[in-house]
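Structure data (CSV, C-alpha atoms) from structure_11.csv:
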```csv
chain,number,residue,atom,x,y,z
G,478,LYS,CA,-227.9,-17.0,-117.5
G,479,TRP,CA,-227.4,-14.3,-120.0
G,480,ARG,CA,-229.5,-14.4,-123.1
G,481,VAL,CA,-228.9,-12.1,-126.1
G,482,ARG,CA,-231.4,-11.9,-128.9
G,483,VAL,CA,-230.3,-10.3,-132.1
G,484,LEU,CA,-233.0,-8.6,-134.0
G,485,SER,CA,-232.6,-9.0,-137.8
G,486,GLY,CA,-232.9,-5.7,-139.6
G,487,ALA,CA,-233.5,-3.7,-136.4
G,488,THR,CA,-232.7,-0.1,-136.9
G,489,SER,CA,-234.6,1.4,-134.1
G,490,SER,CA,-233.0,3.6,-131.4
G,491,PRO,CA,-231.6,2.0,-128.3
G,492,SER,CA,-234.7,3.2,-126.3
G,493,THR,CA,-237.0,1.0,-128.4
G,494,GLN,CA,-234.8,-2.1,-128.4
G,495,PRO,CA,-235.4,-4.8,-125.9
G,496,HIS,CA,-233.6,-4.4,-122.6
G,497,HIS,CA,-231.3,-7.4,-123.0
G,498,TYR,CA,-229.9,-6.1,-126.3
G,499,THR,CA,-229.0,-2.8,-124.7
G,500,LEU,CA,-227.4,-4.6,-121.8
G,501,HIS,CA,-225.4,-6.7,-124.2
G,502,THR,CA,-224.2,-3.7,-126.1
G,503,LYS,CA,-223.1,-2.0,-122.8
G,504,LEU,CA,-221.3,-5.2,-121.7
G,505,VAL,CA,-219.5,-5.5,-125.0
G,506,ARG,CA,-218.3,-1.8,-124.8
G,507,MET,CA,-217.3,-2.3,-121.2
G,508,PHE,CA,-215.2,-5.4,-121.9
G,509,SER,CA,-213.7,-3.8,-125.0
G,510,ARG,CA,-212.5,-0.8,-123.0
G,511,ALA,CA,-211.2,-3.1,-120.2
G,512,ALA,CA,-209.4,-5.3,-122.7
G,513,SER,CA,-207.9,-2.3,-124.5
G,514,THR,CA,-206.6,-0.9,-121.1
G,515,LEU,CA,-205.2,-4.3,-120.2
G,516,VAL,CA,-203.4,-4.7,-123.5
G,517,ARG,CA,-201.8,-1.3,-123.1
G,518,ARG,CA,-200.6,-2.1,-119.6
G,519,VAL,CA,-199.4,-5.7,-120.4
G,520,SER,CA,-197.4,-4.5,-123.4
G,521,LEU,CA,-195.3,-2.5,-121.0
G,522,VAL,CA,-194.6,-5.4,-118.7
G,523,GLY,CA,-191.5,-7.4,-119.5
G,524,THR,CA,-190.7,-5.4,-122.6
G,525,ARG,CA,-187.3,-6.3,-124.1
G,526,SER,CA,-185.5,-4.2,-126.7
G,527,TYR,CA,-182.4,-4.5,-128.8
G,528,SER,CA,-179.3,-3.2,-127.2
G,529,ASP,CA,-175.8,-2.5,-128.3
G,530,GLY,CA,-174.9,-3.3,-124.7
G,531,PRO,CA,-172.4,-6.0,-123.7
G,532,MET,CA,-173.1,-9.7,-124.0
G,533,ALA,CA,-170.7,-11.8,-122.1
G,534,PHE,CA,-170.0,-14.9,-124.1
G,535,THR,CA,-168.4,-18.1,-123.1
G,536,PHE,CA,-167.9,-20.9,-125.6
G,537,ALA,CA,-165.9,-24.1,-125.0
G,538,SER,CA,-165.6,-27.7,-126.1
G,539,GLN,CA,-164.1,-30.6,-124.2
G,540,ASN,CA,-160.6,-29.7,-125.5
G,541,GLN,CA,-160.6,-26.0,-125.9
G,542,VAL,CA,-162.0,-22.7,-124.6
G,543,PHE,CA,-162.7,-20.4,-127.5
G,544,TYR,CA,-164.3,-17.4,-125.5
G,545,ASN,CA,-164.4,-16.9,-121.8
G,546,GLY,CA,-166.7,-14.0,-120.8
G,547,ALA,CA,-165.8,-12.1,-124.0
G,548,ASP,CA,-167.9,-9.1,-125.1
G,549,VAL,CA,-169.5,-10.0,-128.4
G,550,ARG,CA,-172.3,-8.4,-130.5
G,551,GLN,CA,-174.1,-11.5,-131.8
G,552,VAL,CA,-174.0,-15.3,-131.9
G,553,ASP,CA,-175.8,-17.4,-134.5
G,554,VAL,CA,-176.3,-21.0,-133.5
G,555,PRO,CA,-177.7,-24.1,-135.2
G,556,SER,CA,-180.2,-25.8,-132.9
G,557,PHE,CA,-182.8,-28.6,-133.2
G,558,SER,CA,-185.6,-26.0,-132.8
G,559,GLY,CA,-184.1,-24.1,-135.7
G,560,SER,CA,-181.1,-21.8,-136.2
G,561,PHE,CA,-181.3,-18.5,-134.4
G,562,GLY,CA,-179.3,-15.4,-133.6
G,563,ILE,CA,-178.6,-14.2,-130.1
G,564,LEU,CA,-178.3,-10.5,-129.4
G,565,PRO,CA,-177.8,-8.6,-126.1
G,566,LYS,CA,-181.0,-8.7,-124.0
G,567,HIS,CA,-182.2,-11.9,-125.8
G,568,VAL,CA,-185.0,-13.7,-123.9
G,569,PRO,CA,-183.5,-16.2,-121.5
G,570,SER,CA,-183.5,-19.6,-123.2
G,571,LEU,CA,-182.0,-23.1,-123.2
G,572,ALA,CA,-181.4,-24.9,-126.5
G,573,VAL,CA,-179.7,-28.0,-127.8
G,574,LEU,CA,-177.1,-27.5,-130.5
G,575,LYS,CA,-177.3,-29.6,-133.7
G,576,PRO,CA,-174.4,-30.2,-136.0
G,577,GLY,CA,-173.6,-27.1,-138.0
G,578,VAL,CA,-171.8,-23.8,-138.1
G,579,LEU,CA,-171.8,-21.4,-135.2
G,580,THR,CA,-171.0,-17.8,-136.1
G,581,VAL,CA,-169.7,-15.2,-133.6
G,582,LEU,CA,-169.8,-11.5,-134.4
G,583,GLU,CA,-167.2,-10.0,-132.2
G,584,ALA,CA,-167.2,-6.6,-130.6
G,585,ASP,CA,-164.9,-5.2,-133.4
G,586,GLY,CA,-167.3,-6.5,-136.1
G,587,ALA,CA,-165.1,-9.5,-137.1
G,588,ALA,CA,-167.1,-12.7,-137.8
G,589,LYS,CA,-165.7,-16.0,-136.7
G,590,LYS,CA,-167.2,-19.4,-137.7
G,591,TYR,CA,-166.9,-22.6,-135.8
G,592,PHE,CA,-168.2,-26.1,-136.6
G,593,VAL,CA,-170.0,-27.7,-133.6
G,594,SER,CA,-171.1,-31.3,-133.5
G,595,SER,CA,-173.6,-31.0,-130.6
G,596,GLY,CA,-174.0,-29.3,-127.2
G,597,ILE,CA,-176.1,-26.9,-125.3
G,598,VAL,CA,-176.8,-23.1,-125.4
G,599,THR,CA,-177.8,-21.2,-122.2
G,600,ILE,CA,-179.0,-17.6,-122.5
G,601,ASN,CA,-179.3,-15.9,-119.2
G,602,GLU,CA,-181.4,-12.9,-118.0
G,603,ASP,CA,-178.2,-10.8,-117.6
G,604,SER,CA,-177.4,-11.2,-121.3
G,605,SER,CA,-174.6,-13.7,-120.7
G,606,VAL,CA,-174.5,-16.7,-123.0
G,607,GLN,CA,-172.7,-20.0,-122.5
G,608,ILE,CA,-172.2,-22.6,-125.2
G,609,LEU,CA,-170.8,-26.0,-124.4
G,610,ALA,CA,-170.0,-28.1,-127.4
G,611,GLU,CA,-169.2,-31.8,-127.5
G,612,GLU,CA,-166.7,-31.0,-130.3
G,613,ALA,CA,-165.8,-27.7,-132.0
G,614,ALA,CA,-163.3,-26.4,-134.4
G,615,GLY,CA,-162.7,-23.2,-136.4
G,616,VAL,CA,-164.1,-23.6,-139.9
G,617,GLU,CA,-160.8,-22.5,-141.4
G,618,GLU,CA,-159.1,-25.5,-139.6
G,619,LEU,CA,-161.4,-28.1,-141.3
G,620,ASP,CA,-159.9,-30.3,-144.0
G,621,LEU,CA,-162.5,-30.9,-146.7
G,622,GLY,CA,-160.8,-34.2,-147.9
G,623,ALA,CA,-160.8,-35.6,-144.4
G,624,ALA,CA,-164.4,-34.5,-143.8
G,625,ARG,CA,-165.5,-36.3,-147.0
G,626,ASP,CA,-163.6,-39.4,-145.8
G,627,ILE,CA,-165.5,-39.3,-142.5
G,628,LEU,CA,-168.8,-39.0,-144.4
G,629,SER,CA,-167.9,-42.0,-146.6
G,630,LYS,CA,-167.0,-44.1,-143.6
G,631,ALA,CA,-170.2,-43.0,-141.8
G,632,HIS,CA,-172.3,-44.1,-144.8
G,633,SER,CA,-170.5,-47.5,-144.9
G,634,GLU,CA,-171.2,-48.0,-141.2
G,635,ALA,CA,-174.9,-47.1,-141.7
G,636,ASN,CA,-175.2,-49.6,-144.6
G,637,ALA,CA,-173.4,-52.4,-142.7
G,638,ALA,CA,-175.3,-51.9,-139.4
G,639,THR,CA,-177.2,-55.0,-138.4
G,640,SER,CA,-179.0,-53.9,-135.3
G,641,GLU,CA,-181.4,-50.9,-134.9
G,642,GLU,CA,-179.1,-49.4,-132.3
G,643,ALA,CA,-176.0,-49.7,-134.6
G,644,LYS,CA,-178.1,-48.2,-137.5
G,645,ALA,CA,-179.2,-45.3,-135.3
G,646,GLU,CA,-175.7,-44.5,-134.1
G,647,ALA,CA,-174.4,-44.7,-137.7
G,648,LEU,CA,-177.1,-42.3,-139.0
G,649,ILE,CA,-176.1,-39.8,-136.3
G,650,LYS,CA,-172.5,-40.0,-137.5
G,651,VAL,CA,-173.8,-39.5,-141.1
G,652,GLU,CA,-175.7,-36.4,-140.0
G,653,VAL,CA,-172.7,-34.9,-138.2
G,654,ALA,CA,-170.4,-35.8,-141.1
G,655,GLU,CA,-172.7,-34.2,-143.7
G,656,GLU,CA,-172.7,-30.9,-141.7
G,657,LEU,CA,-168.9,-31.2,-141.3
G,658,VAL,CA,-168.5,-31.4,-145.1
G,659,LYS,CA,-170.8,-28.4,-145.5
G,660,ALA,CA,-168.8,-26.4,-143.0
G,661,ALA,CA,-165.5,-27.4,-144.6
G,662,GLU,CA,-166.9,-26.3,-148.0
G,663,SER,CA,-167.9,-22.9,-146.6
G,664,GLY,CA,-164.6,-22.2,-144.9
```
Structure translated into structure tokens:
Amino acid sequence: KWRVRVLSGATSSPSTQPHHYTLHTKLVRMFSRAASTLVRRVSLVGTRSYSDGPMAFTFASQNQVFYNGADVRQVDVPSFSGSFGILPKHVPSLAVLKPGVLTVLEADGAAKKYFVSSGIVTINEDSSVQILAEEAAGVEELDLGAARDILSKAHSEANAATSEEAKAEALIKVEVAEELVKAAESG
């Protein structure tokens, strides 16, 4: 066992301090140097940096393919773990989409916005990104009046639900409809 005794107010030179105090000081210095070297080496391993390089993007819903391997600059997605932006060389990830607006910054700088109800996002090591949405539509295609009607009906269903299952399904419809209204208002 290692024992270290700290001497209060000790200001004597290392030669007059007990052996175990000097040994402790040497061990601390040795581990400090080793840790510093390790941090320098580890920080170089797996380093990712921003790139203006290509990012192959595929985005589709059940009814339509919006992008198929297109070169884009950035994609901003709403997910249950929080909204985030995807750039080339993004760390590989898998996320679940939540209802909201997905924004695509195309190679020419144009930004296009889409409403997505749910789906998945896959970000691969080769900087390719796939988004598969349950339902999706361009924000400019949304009808605000129709979106408000959908929200009203969803609230009515939630209020009329008698079982826990029906209530849960209706509340999901309310959440999607609320985000649909927000998207329609922004477009």
Exercise for the section: Could you tell me how far atom CA of G:Asn540 lies from atom CA of G:Pro569, in Å and to one decimal? Expected result: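 Taking atom CA of G:Asn540 as the start and atom CA of G:Pro569 as the end point, the length is 26.9 Å.
Between atom CA of G:Gly546 and atom CA of G:Glu618 the interatomic distance comes to 23.3 Å.
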Handout entry: Pick from G:Leu648, G:Phe561, G:Ala537, G:Ser604, whichever lies nearest to G:Phe592 using all atoms listed in the file
Key =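 Result for the nearest residue to G:Phe592: G:Ala537.
Within a radius of 12 Å around (-164.6, -23.1, -147.9), the polymer residues are Lys590, Gly615, Val616, Glu617, Glu618, Leu619, Asp620, Leu621, Gly622, Leu657, Val658, Lys659, Ala660, Ala661, Glu662, Ser663 and Gly664 of chain G, counting all atoms listed in the file.
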Fill in the blank from the handout: In Å and to one decimal, atom CA of G:Val581 is distant from atom CA of G:Val593 by 12.5 Å
Practice task
Between G:Ala624, G:Val606, G:Ala614, G:Val568, single out the one closest to G:Met532, counting all atoms listed in the file.
Solution key: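 Of G:Ala624, G:Val606, G:Ala614, G:Val568, the one nearest G:Met532, counting all atoms listed in the file, is G:Val606.
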